[in-house]
$ cat upload31.txt   # compact mmCIF, C-alpha atoms
# COMPACT_ATOMS: atom_id res chain seq x y z
CA ASN A 1 9.95 39.83 11.93
CA GLY A 2 11.53 40.51 8.57
CA GLU A 3 13.25 37.09 8.40
CA SER A 4 10.73 35.22 6.31
CA ALA A 5 8.71 35.70 3.17
CA PRO A 6 4.94 35.15 3.55
CA ARG A 7 4.12 31.46 3.53
CA PRO A 8 0.93 29.38 3.23
CA ARG A 9 -0.49 27.85 6.39
CA SER A 10 -3.49 25.64 5.65
CA ASP A 11 -3.47 22.58 3.38
CA VAL A 12 -5.47 24.47 0.78
CA GLU A 13 -3.03 27.39 0.84
CA ILE A 14 -0.08 25.02 0.54
CA GLN A 15 -1.60 23.24 -2.46
CA THR A 16 -2.38 26.60 -4.10
CA TRP A 17 1.21 27.72 -3.56
CA VAL A 18 2.58 24.45 -4.98
CA ASN A 19 0.36 24.71 -8.07
CA GLN A 20 1.78 28.12 -8.96
CA ASP A 21 4.65 27.49 -11.36
CA SER A 22 6.13 30.91 -10.67
CA ASN A 23 7.02 29.90 -7.08
CA GLU A 24 10.58 28.67 -6.64
CA ARG A 25 10.51 25.41 -4.68
CA VAL A 26 13.29 24.87 -2.18
CA VAL A 27 13.69 21.23 -1.14
CA LEU A 28 15.68 20.37 1.99
CA ALA A 29 16.92 16.84 2.70
CA GLU A 30 17.95 15.51 6.11
CA VAL A 31 19.57 12.07 5.91
CA GLY A 32 20.51 10.13 9.03
CA VAL A 33 24.01 8.68 9.28
CA LEU A 34 25.21 6.11 11.79
CA GLY A 35 28.88 6.40 12.69
CA GLN A 36 31.28 5.94 15.58
CA THR A 37 33.15 8.24 17.91
CA SER A 38 36.91 7.96 18.40
CA ALA A 39 36.12 5.78 21.42
CA GLY A 40 34.05 3.39 19.31
CA ALA A 41 30.66 4.48 20.66
CA GLU A 42 27.64 4.82 18.37
CA ASN A 43 27.28 8.31 16.95
CA ALA A 44 24.14 9.28 15.02
CA SER A 45 24.25 12.45 12.94
CA TYR A 46 22.64 14.02 9.86
CA VAL A 47 23.69 15.14 6.40
CA LEU A 48 21.88 18.34 5.41
CA MET A 49 21.34 19.05 1.72
CA ALA A 50 19.23 21.34 -0.50
CA ASN A 51 18.53 22.08 -4.15
CA TRP A 52 19.01 25.80 -3.48
CA PRO A 53 21.47 27.74 -1.29
CA PHE A 54 19.89 27.66 2.16
CA VAL A 55 20.89 28.70 5.67
CA THR A 56 18.51 28.62 8.63
CA LYS A 57 17.38 31.99 10.00
CA GLY A 58 18.22 33.50 13.35
CA SER A 59 14.81 32.53 14.71
CA ASP A 60 15.24 28.88 13.66
CA VAL A 61 16.57 26.22 16.00
CA PRO A 62 19.38 25.70 15.36
CA ALA A 63 20.18 29.06 13.75
CA ASP A 64 22.68 29.58 10.94
CA GLN A 65 22.60 25.91 9.92
CA VAL A 66 23.98 25.43 6.39
CA TYR A 67 22.34 23.01 3.93
CA ASP A 68 24.75 22.11 1.12
CA ASP A 69 23.41 23.05 -2.30
CA VAL A 70 24.03 19.62 -3.87
CA ILE A 71 20.62 18.13 -4.77
CA VAL A 72 20.17 17.76 -8.52
CA GLU A 73 16.98 15.65 -8.56
CA VAL A 74 14.28 15.04 -5.96
CA PRO A 75 12.18 11.86 -5.75
CA VAL A 76 8.77 11.46 -7.35
CA LEU A 77 6.28 9.96 -4.90
CA ARG A 78 3.59 7.59 -6.12
CA SER A 79 0.90 5.98 -3.99
CA MET A 80 -0.78 2.93 -5.56
CA ALA A 81 -3.73 0.94 -4.25
CA ASN A 82 -4.01 -2.75 -5.03
CA GLU A 83 -6.50 -4.04 -7.57
CA GLN A 84 -9.17 -4.88 -4.99
CA LEU A 85 -8.82 -1.46 -3.29
CA ILE A 86 -8.46 -3.21 0.06
CA GLY A 87 -5.49 -4.46 2.05
CA ARG A 88 -2.08 -2.86 1.67
CA SER A 89 -1.33 0.12 -0.56
CA THR A 90 2.22 0.85 -1.61
CA LEU A 91 4.08 4.14 -1.62
CA THR A 92 7.02 4.21 -4.01
CA PHE A 93 9.66 6.88 -4.30
CA GLY A 94 12.05 7.89 -7.02
CA ASP A 95 15.71 8.47 -6.22
CA LEU A 96 17.36 11.43 -4.52
CA LEU A 97 20.36 12.43 -6.65
CA ILE A 98 23.17 14.70 -5.43
CA LYS A 99 26.31 16.19 -6.97
CA ASN A 100 29.62 14.37 -6.72
CA GLU A 101 32.01 16.33 -8.92
CA ASP A 102 35.54 14.92 -8.97
CA GLY A 103 34.42 12.19 -6.53
CA VAL A 104 34.41 14.53 -3.52
CA ARG A 105 31.65 12.45 -1.92
CA ASP A 106 32.80 8.99 -2.94
CA HIS A 107 33.28 8.17 0.75
CA TRP A 108 29.52 8.45 1.23
CA LEU A 109 29.19 5.12 -0.58
CA ALA A 110 30.93 3.45 2.37
CA TRP A 111 28.82 5.12 5.05
CA ASN A 112 26.30 3.17 7.11
CA LEU A 113 23.16 4.60 5.52
CA ASP A 114 20.98 1.54 4.82
CA GLY A 115 17.76 1.78 6.81
CA ARG A 116 18.55 5.27 8.07
CA SER A 117 15.97 8.07 7.97
CA CYS A 118 15.45 10.43 5.05
CA ASP A 119 13.16 13.45 5.48
CA LEU A 120 12.37 15.95 2.72
CA TYR A 121 10.92 19.41 3.36
CA MET A 122 9.58 21.93 0.85
CA GLY A 123 9.33 25.68 1.11
CA GLY A 124 10.00 28.92 -0.67
CA VAL A 125 12.96 31.22 -1.08
CA GLY A 126 13.30 33.38 2.04
CA TRP A 127 11.26 31.10 4.31
CA ARG A 128 12.40 30.13 7.76
CA LYS A 129 13.18 26.45 8.24
CA TRP A 130 10.28 25.95 10.63
CA ASP A 131 7.94 27.35 7.95
CA PHE A 132 8.83 24.50 5.60
CA PHE A 133 6.38 21.58 5.39
CA ARG A 134 7.49 17.97 5.35
CA VAL A 135 6.63 16.10 2.16
CA LEU A 136 8.44 12.82 2.75
CA SER A 137 9.55 10.73 5.69
CA GLY A 138 11.17 7.52 4.54
CA THR A 139 14.24 5.35 4.95
CA ILE A 140 17.32 4.77 2.81
CA GLN A 141 17.24 1.47 0.98
CA GLU A 142 20.46 1.79 -0.98
CA VAL A 143 23.23 4.24 -1.82
CA TYR A 144 24.74 3.95 -5.30
CA ALA A 145 26.57 5.89 -8.02
CA PRO A 146 24.32 6.32 -11.10
CA ARG A 147 27.18 8.12 -12.87
CA ARG A 148 30.67 9.30 -12.04
CA ASP A 149 29.60 12.78 -10.92
CA GLN A 150 26.48 11.80 -8.92
CA ILE A 151 25.44 9.78 -5.89
CA GLY A 152 21.92 8.37 -5.59
CA PHE A 153 19.77 7.41 -2.63
CA LYS A 154 17.04 4.84 -3.19
CA ILE A 155 14.23 5.62 -0.74
CA ARG A 156 11.42 3.45 0.56
CA ASP A 157 8.45 4.28 2.77
CA ARG A 158 8.42 3.62 6.50
CA GLY A 159 6.24 0.58 6.02
CA ALA A 160 9.46 -1.40 5.79
CA VAL A 161 9.95 -1.03 9.54
CA LEU A 162 6.92 -3.30 9.99
CA ASN A 163 8.76 -6.23 8.41
CA ARG A 164 9.19 -8.02 11.71
CA LYS A 165 7.68 -10.78 13.78
CA LEU A 166 4.45 -10.05 15.61
CA GLN A 167 5.45 -12.02 18.68
CA THR A 168 8.87 -12.45 20.25
CA ALA A 169 7.79 -13.93 23.60
CA VAL A 170 7.89 -17.73 23.45
CA MET A 171 6.30 -20.61 25.31
CA GLY A 172 8.36 -22.13 28.09
CA GLY A 173 8.25 -25.64 29.52
CA THR A 174 8.80 -28.95 27.80
CA GLU A 175 5.54 -29.48 25.92
CA ALA A 176 5.31 -29.79 22.14
CA ASP A 177 4.93 -26.00 21.69
CA ALA A 178 7.88 -25.08 23.93
CA GLY A 179 9.89 -22.36 22.17
CA ALA A 180 7.01 -21.44 19.87
CA PRO A 181 5.55 -17.88 19.94
CA GLN A 182 2.96 -17.27 22.65
CA PRO A 183 -0.58 -16.89 21.27
CA ILE A 184 -2.13 -13.43 20.88
CA THR A 185 -5.84 -12.66 21.17
CA PHE A 186 -7.66 -9.49 20.07
CA GLY A 187 -11.34 -8.85 20.64
CA LYS A 188 -13.95 -11.61 20.59
CA VAL A 189 -12.85 -15.02 19.35
CA PHE A 190 -14.74 -18.30 19.27
CA ASN A 191 -13.71 -21.94 19.31
CA ILE A 192 -9.98 -21.22 19.46
CA GLU A 193 -7.48 -23.88 20.50
CA PRO A 194 -5.33 -22.69 23.43
CA VAL A 195 -1.70 -23.82 23.64
CA LEU A 196 -0.84 -26.53 26.16
CA LYS A 197 1.63 -25.10 28.66
CA ALA A 198 1.91 -27.89 31.24
CA SER A 199 0.13 -31.23 30.84
CA GLY A 200 0.86 -32.26 34.43
CA THR A 201 -1.18 -29.36 35.79
CA ARG A 202 -3.64 -29.17 32.84
CA ARG A 203 -2.61 -25.55 32.18
CA PHE A 204 -3.22 -23.82 28.83
CA LYS A 205 -2.32 -20.41 27.40
CA TYR A 206 -4.56 -18.40 25.08
CA ALA A 207 -3.23 -14.82 25.23
CA ASP A 208 -0.04 -12.82 25.67
CA ALA A 209 0.20 -11.47 29.21
CA ASP A 210 1.09 -8.02 27.82
CA LEU A 211 -2.18 -7.86 25.88
CA THR A 212 -4.70 -9.41 28.24
CA GLY A 213 -6.58 -6.21 29.14
CA ALA A 214 -10.10 -6.76 30.54
CA THR A 215 -10.22 -10.40 29.50
CA GLY A 216 -13.19 -12.68 29.95
CA ILE A 217 -13.47 -16.39 29.18
CA THR A 218 -16.96 -17.16 27.96
CA GLN A 219 -16.68 -20.93 27.79
CA VAL A 220 -14.13 -23.76 27.77
CA ARG A 221 -14.89 -27.07 26.06
CA ASP A 222 -13.32 -30.52 25.89
CA LYS A 223 -14.33 -32.32 22.70
CA GLY A 224 -17.21 -29.87 22.39
CA ILE A 225 -18.51 -30.43 25.94
CA SER A 226 -18.39 -27.55 28.42
CA VAL A 227 -15.93 -28.22 31.28
CA ALA A 228 -14.90 -26.56 34.52
CA TYR A 229 -11.73 -24.50 34.74
CA THR A 230 -9.86 -21.90 36.78
CA ALA A 231 -8.97 -18.69 34.92
CA ASP A 232 -5.76 -16.69 35.25
CA LEU A 233 -6.90 -13.64 33.29
CA ALA A 234 -3.85 -11.52 34.08
CA ASN A 235 -1.56 -14.01 32.35
CA GLY A 236 -3.95 -15.18 29.65
CA GLU A 237 -4.02 -18.73 30.98
CA LEU A 238 -6.46 -21.31 32.38
CA THR A 239 -6.27 -24.58 34.29
CA LEU A 240 -8.76 -27.40 33.71
CA THR A 241 -10.35 -28.94 36.79
CA VAL A 242 -9.98 -32.47 35.41
CA ASP A 243 -7.87 -34.01 32.64
CA ASN A 244 -9.14 -33.45 29.14
CA VAL A 245 -9.95 -36.39 26.88
CA GLY A 246 -9.87 -34.53 23.55
CA GLN A 247 -9.20 -31.17 21.91
CA VAL A 248 -9.68 -28.18 24.22
CA THR A 249 -11.41 -25.15 22.69
CA MET A 250 -12.67 -21.93 24.17
CA ASP A 251 -14.45 -18.60 23.56
CA VAL A 252 -12.72 -15.41 24.75
CA THR A 253 -13.44 -11.71 24.88
CA ASN A 254 -10.20 -9.76 25.17
CA ASP A 255 -11.24 -6.10 25.54
CA LEU A 256 -7.97 -4.18 25.36
CA THR A 257 -7.66 -1.25 27.75
CA ALA A 258 -5.55 1.88 27.75
CA SER A 259 -5.26 5.20 29.56
CA SER A 260 -6.73 6.91 26.49
CA ALA A 261 -10.35 6.09 25.71
CA THR A 262 -9.59 6.44 21.99
CA LYS A 263 -7.24 3.47 22.23
CA SER A 264 -9.33 1.15 24.36
CA GLY A 265 -11.83 -1.47 23.32
CA ASN A 266 -11.61 -4.39 20.92
CA THR A 267 -12.13 -2.59 17.60
CA HIS A 268 -10.10 -2.81 14.41
CA ARG A 269 -8.54 0.53 15.19
CA ARG A 270 -7.37 -0.51 18.63
CA ALA A 271 -5.80 -3.68 17.23
CA LEU A 272 -3.97 -1.69 14.55
CA GLN A 273 -2.67 0.81 17.07
CA THR A 274 -1.58 -1.87 19.50
CA ILE A 275 0.39 -3.74 16.85
CA ILE A 276 2.04 -0.65 15.32
CA GLU A 277 2.78 1.19 18.54
CA ASP A 278 3.52 -1.66 20.93
CA ARG A 279 4.26 -4.85 18.99
CA ALA A 280 6.43 -3.07 16.39
CA ALA A 281 7.77 -0.75 19.13
CA LEU A 282 7.27 2.41 17.08
CA GLY A 283 5.53 4.47 19.76
CA ALA A 284 2.36 6.54 19.71
CA ALA A 285 3.81 9.17 17.37
CA SER A 286 3.95 6.61 14.56
CA THR A 287 0.20 6.52 13.98
CA TYR A 288 -1.87 9.30 12.51
CA GLN A 289 -4.47 10.14 15.16
CA GLY A 290 -5.63 13.51 13.88
CA ALA A 291 -9.18 14.33 12.90
CA ARG A 292 -8.67 14.07 9.15
CA SER A 293 -10.59 11.49 7.17
CA GLY A 294 -8.52 8.42 6.48
CA SER A 295 -6.64 8.43 9.76
CA LEU A 296 -6.67 5.65 12.32
CA ALA A 297 -8.80 7.96 14.43
CA ASN A 298 -11.70 7.39 12.05
CA PHE A 299 -11.11 3.80 10.98
CA GLY A 300 -12.78 0.74 12.45
CA THR A 301 -14.05 2.38 15.64
CA THR A 302 -17.36 0.55 15.92
CA ALA A 303 -17.17 -3.06 14.69
CA THR A 304 -15.71 -5.60 17.10
CA ILE A 305 -12.69 -7.50 15.88
CA GLY A 306 -11.87 -11.16 16.52
CA LEU A 307 -8.30 -12.21 15.89
CA TYR A 308 -6.39 -15.18 17.31
CA VAL A 309 -2.75 -15.60 16.28
CA ARG A 310 -0.99 -18.83 17.14
CA GLY A 311 2.49 -19.62 15.86
CA GLU A 312 4.77 -17.53 13.66
CA ALA A 313 3.22 -14.38 12.20
CA ASP A 314 4.53 -11.22 10.54
CA VAL A 315 3.30 -7.76 11.54
CA GLN A 316 2.59 -6.82 7.91
CA ASP A 317 0.42 -9.88 7.27
CA VAL A 318 -1.60 -9.44 10.47
CA LEU A 319 -2.22 -5.76 9.72
CA ASP A 320 -3.48 -6.75 6.27
CA LYS A 321 -5.94 -9.22 7.77
CA ILE A 322 -7.27 -6.59 10.17
CA VAL A 323 -7.95 -3.87 7.59
CA MET A 324 -9.27 -6.31 5.00
CA SER A 325 -11.76 -7.75 7.49
CA ALA A 326 -13.26 -4.25 7.66
CA GLY A 327 -13.12 -3.76 3.89
CA GLY A 328 -10.41 -1.15 4.26
CA PHE A 329 -6.85 -0.52 3.15
CA ARG A 330 -3.75 0.80 4.86
CA PHE A 331 -0.64 2.69 3.87
CA ALA A 332 2.32 4.65 5.16
CA ASN A 333 1.91 8.19 3.92
CA ALA A 334 4.62 10.58 2.72
CA GLN A 335 4.93 11.99 6.24
CA GLY A 336 5.84 8.55 7.54
CA LEU A 337 2.56 8.05 9.42
CA PHE A 338 0.58 4.82 9.24
CA CYS A 339 -2.98 5.28 8.05
CA ALA A 340 -6.02 3.10 7.45
CA THR A 341 -9.32 3.93 5.85
CA VAL A 342 -12.26 2.56 3.87
CA LEU A 343 -12.94 3.63 0.30
CA ASP A 344 -16.55 4.77 0.32
CA VAL A 345 -18.75 4.67 -2.76
CA PRO A 346 -19.26 8.30 -3.85
CA ALA A 347 -22.76 9.69 -3.98
CA ALA A 348 -24.32 10.57 -7.34
CA PRO A 349 -24.02 12.67 -9.40
CA TYR A 350 -20.47 11.56 -10.22
CA ASP A 351 -17.78 13.75 -11.73
CA HIS A 352 -16.64 10.78 -13.82
CA GLU A 353 -18.06 7.30 -14.22
CA LEU A 354 -16.05 4.50 -15.82
CA LEU A 355 -18.03 1.67 -17.36
CA GLU A 356 -16.65 -1.79 -18.07
CA ASP A 357 -16.01 -0.92 -21.73
CA ASP A 358 -13.97 2.12 -20.66
CA VAL A 359 -11.31 0.04 -18.93
CA MET A 360 -8.63 -1.75 -20.94
CA GLY A 361 -6.48 -4.17 -18.98
CA ASP A 362 -6.12 -3.85 -15.21
CA LEU A 363 -7.40 -0.86 -13.29
CA GLU A 364 -4.66 0.93 -11.36
CA VAL A 365 -5.32 3.64 -8.80
CA GLU A 366 -2.23 5.80 -8.52
CA LYS A 367 -1.59 9.20 -6.99
CA ILE A 368 1.49 11.31 -7.70
CA MET A 369 2.32 13.50 -4.71
CA LEU A 370 4.77 16.20 -3.72
CA PRO A 371 7.49 17.16 -4.41
CA ALA A 372 6.89 16.16 -8.03
$ encode --input "upload31.txt" --output "structure tokens"
Amino acid sequence: NGESAPRPRSDVEIQTWVNQDSNERVVLAEVGVLGQTSAGAENASYVLMANWPFVTKGSDVPADQVYDDVIVEVPVLRSMANEQLIGRSTLTFGDLLIKNEDGVRDHWLAWNLDGRSCDLYMGGVGWRKWDFFRVLSGTIQEVYAPRRDQIGFKIRDRGAVLNRKLQTAVMGGTEADAGAPQPITFGKVFNIEPVLKASGTRRFKYADADLTGATGITQVRDKGISVAYTADLANGELTLTVDNVGQVTMDVTNDLTASSATKSGNTHRRALQTIIEDRAALGAASTYQGARSGSLANFGTTATIGLYVRGEADVQDVLDKIVMSAGGFRFANAQGLFCATVLDVPAAPYDHELLEDDVMGDLEVEKIMLPA
């Protein structure tokens, strides 16, 4: 339509375009700001910036949107796996630096920017905005002044939003665990100790009512001896027929269900998705469910998981246990999506093979990504 220069479409075409030094890279930054209206109501808006003069085209939505040409340095993104190549990988960003001649943006330092979104897009001169591809989706950790004529944004990956408690629902009643987090059960677990809910009625709780799914109790034991009980599967509870004389234990299969078959079952993948989308309240769009290798769509879809969480637990720590039990690792990618995968041993012949004598010190696996 005459409004845009030709642009790459596929991942291979994008990488080829990026690798050509002759191509001018335009980087757009969209930073979320939380303010107030004159009436005191919350007002969320965005600051639009670029490293090149840029205005959206007539076919963009919205059209004729101006991005201030103030970016002087874009972040360098590094993804680093831990030494064991399992568990949690980290994605670190450099700083986004913008112009602040004569202190014209000093007031930005007082804005409510901590924890707000920061999205970076890359494209070419003459491209439409919707032709740009996103290279970073993170959050603002800190705003500072590295020098008198600049303002800096320290950026972190979206994994920080998972720094929260796994369970907020608590036990009621007056028993010893009153006020403690309700237990959570995923998949098949054996010999777990349910939480006493009411001693007068011999009632115990073993699962969160929101996560009961197609639950089945295989066996309930008192001091190792099988005993009779009445199950309340919908609420994740059970009532003993007679008083117990010792520690109550049980075996449970909690097969989580969902409207989508790809999210049902008691696999590692289903547990990851449930925690990220539901427990952390990030929604389905937060997980990468495409067909690419390394996405949640291809991780842990066969092996059955068994996880019982009783007491205080952090989302990050529980996610680590899940992926590590499958020999995998997880990360939040530059697009802000949560991924999990297993590092497979490559088939011979190898492009490169490092022997023990080739490695000095600790082995670090690091990847430098766009827009560096």
$ residues_around --input "upload31.txt" --residues "A:Trp111" --least-positions-apart "2" --cutoff "9 Å" --atoms "all atoms listed in the file" --output "list in words"
Val33, Leu34, Gly35, His107, Trp108, Leu109, Leu113, Asp114 and Val143 of chain A
$ closest_residue --input "upload31.txt" --among "A:Leu355, A:Val47, A:Leu233, A:Ile14" --to "A:Gln65" --atoms "only C-alpha atoms"
A:Val47
$ closest_residue --input "upload31.txt" --among "A:Ala332, A:Leu28, A:Ala145, A:Ala39" --to "A:Gly103" --atoms "all atoms listed in the file"
A:Ala145
$ atom_distance --input "upload31.txt" --atom1 "atom CA of A:Val66" --atom2 "atom CA of A:Asp131"
16.2 Å
$ atom_distance --input "upload31.txt" --atom1 "atom CA of A:Arg88" --atom2 "atom CA of A:Leu272"
13.1 Å
$ residues_near_point --input "upload31.txt" --point "(22.0, 19.7, -4.2)" --cutoff "12 Å" --atoms "all atoms listed in the file" --output "MDAnalysis selection string"
chainID A and resid 26:30 47:54 67:74 96:101 150:152
$ residues_around --input "upload31.txt" --residues "A:Ile155" --least-positions-apart "3" --cutoff "7 Å" --atoms "all atoms listed in the file" --output "PyMOL selection string"
chain A and resi 93+95+138-141
$ closest_residue --input "upload31.txt" --among "A:Ala207, A:Ala234, A:Val220, A:Val161" --to "A:Val315" --atoms "only C-alpha atoms"
A:Val161
$ atom_distance --input "upload31.txt" --atom1 "atom CA of A:Gly159" --atom2 "atom CA of A:Gln273"
14.2 Å
$ residues_around --input "upload31.txt" --residues "A:Gly224" --least-positions-apart "4" --cutoff "9 Å" --atoms "only C-alpha atoms" --output "PyMOL selection string"
chain A and resi 220+246-249
$ closest_residue --input "upload31.txt" --among "A:Lys223, A:Lys165, A:Arg156, A:Lys188" --to "A:Ile275" --atoms "only C-alpha atoms"
A:Lys165
$ residues_near_point --input "upload31.txt" --point "(-2.9, -1.7, 5.5)" --cutoff "7 Å" --atoms "all atoms listed in the file" --output "list of chain:residue names"
A:Gly87, A:Arg88, A:Ser89, A:Leu319, A:Asp320, A:Val323, A:Phe329, A:Arg330, A:Phe331, A:Ala340
$ axis_aligned_box --input "upload31.txt" --around "stretch 112-129 of chain A" --padding-each-side "5 Å" --output "AutoDock Vina command-line options"
--center_x 17.8 --center_y 17.5 --center_z 3.6 --size_x 27.0 --size_y 41.8 --size_z 19.3
$ residues_around --input "upload31.txt" --residues "stretch 191-200 of chain A" --least-positions-apart "5" --cutoff "7 Å" --atoms "all atoms listed in the file" --output "MDAnalysis selection string"
chainID A and resid 173 175 205:206 248:251
$ closest_residue --input "upload31.txt" --among "A:Asn163, A:Gln182, A:Thr239, A:Thr201" --to "A:Gln316" --atoms "all atoms listed in the file"
A:Asn163
$ residues_around --input "upload31.txt" --residues "A:Val318" --least-positions-apart "6" --cutoff "12 Å" --atoms "only C-alpha atoms" --output "ChimeraX atom specification"
/A:87-88,162-167,184-186,268,271-272,274-276,279-280,307-310,312,324-325,330
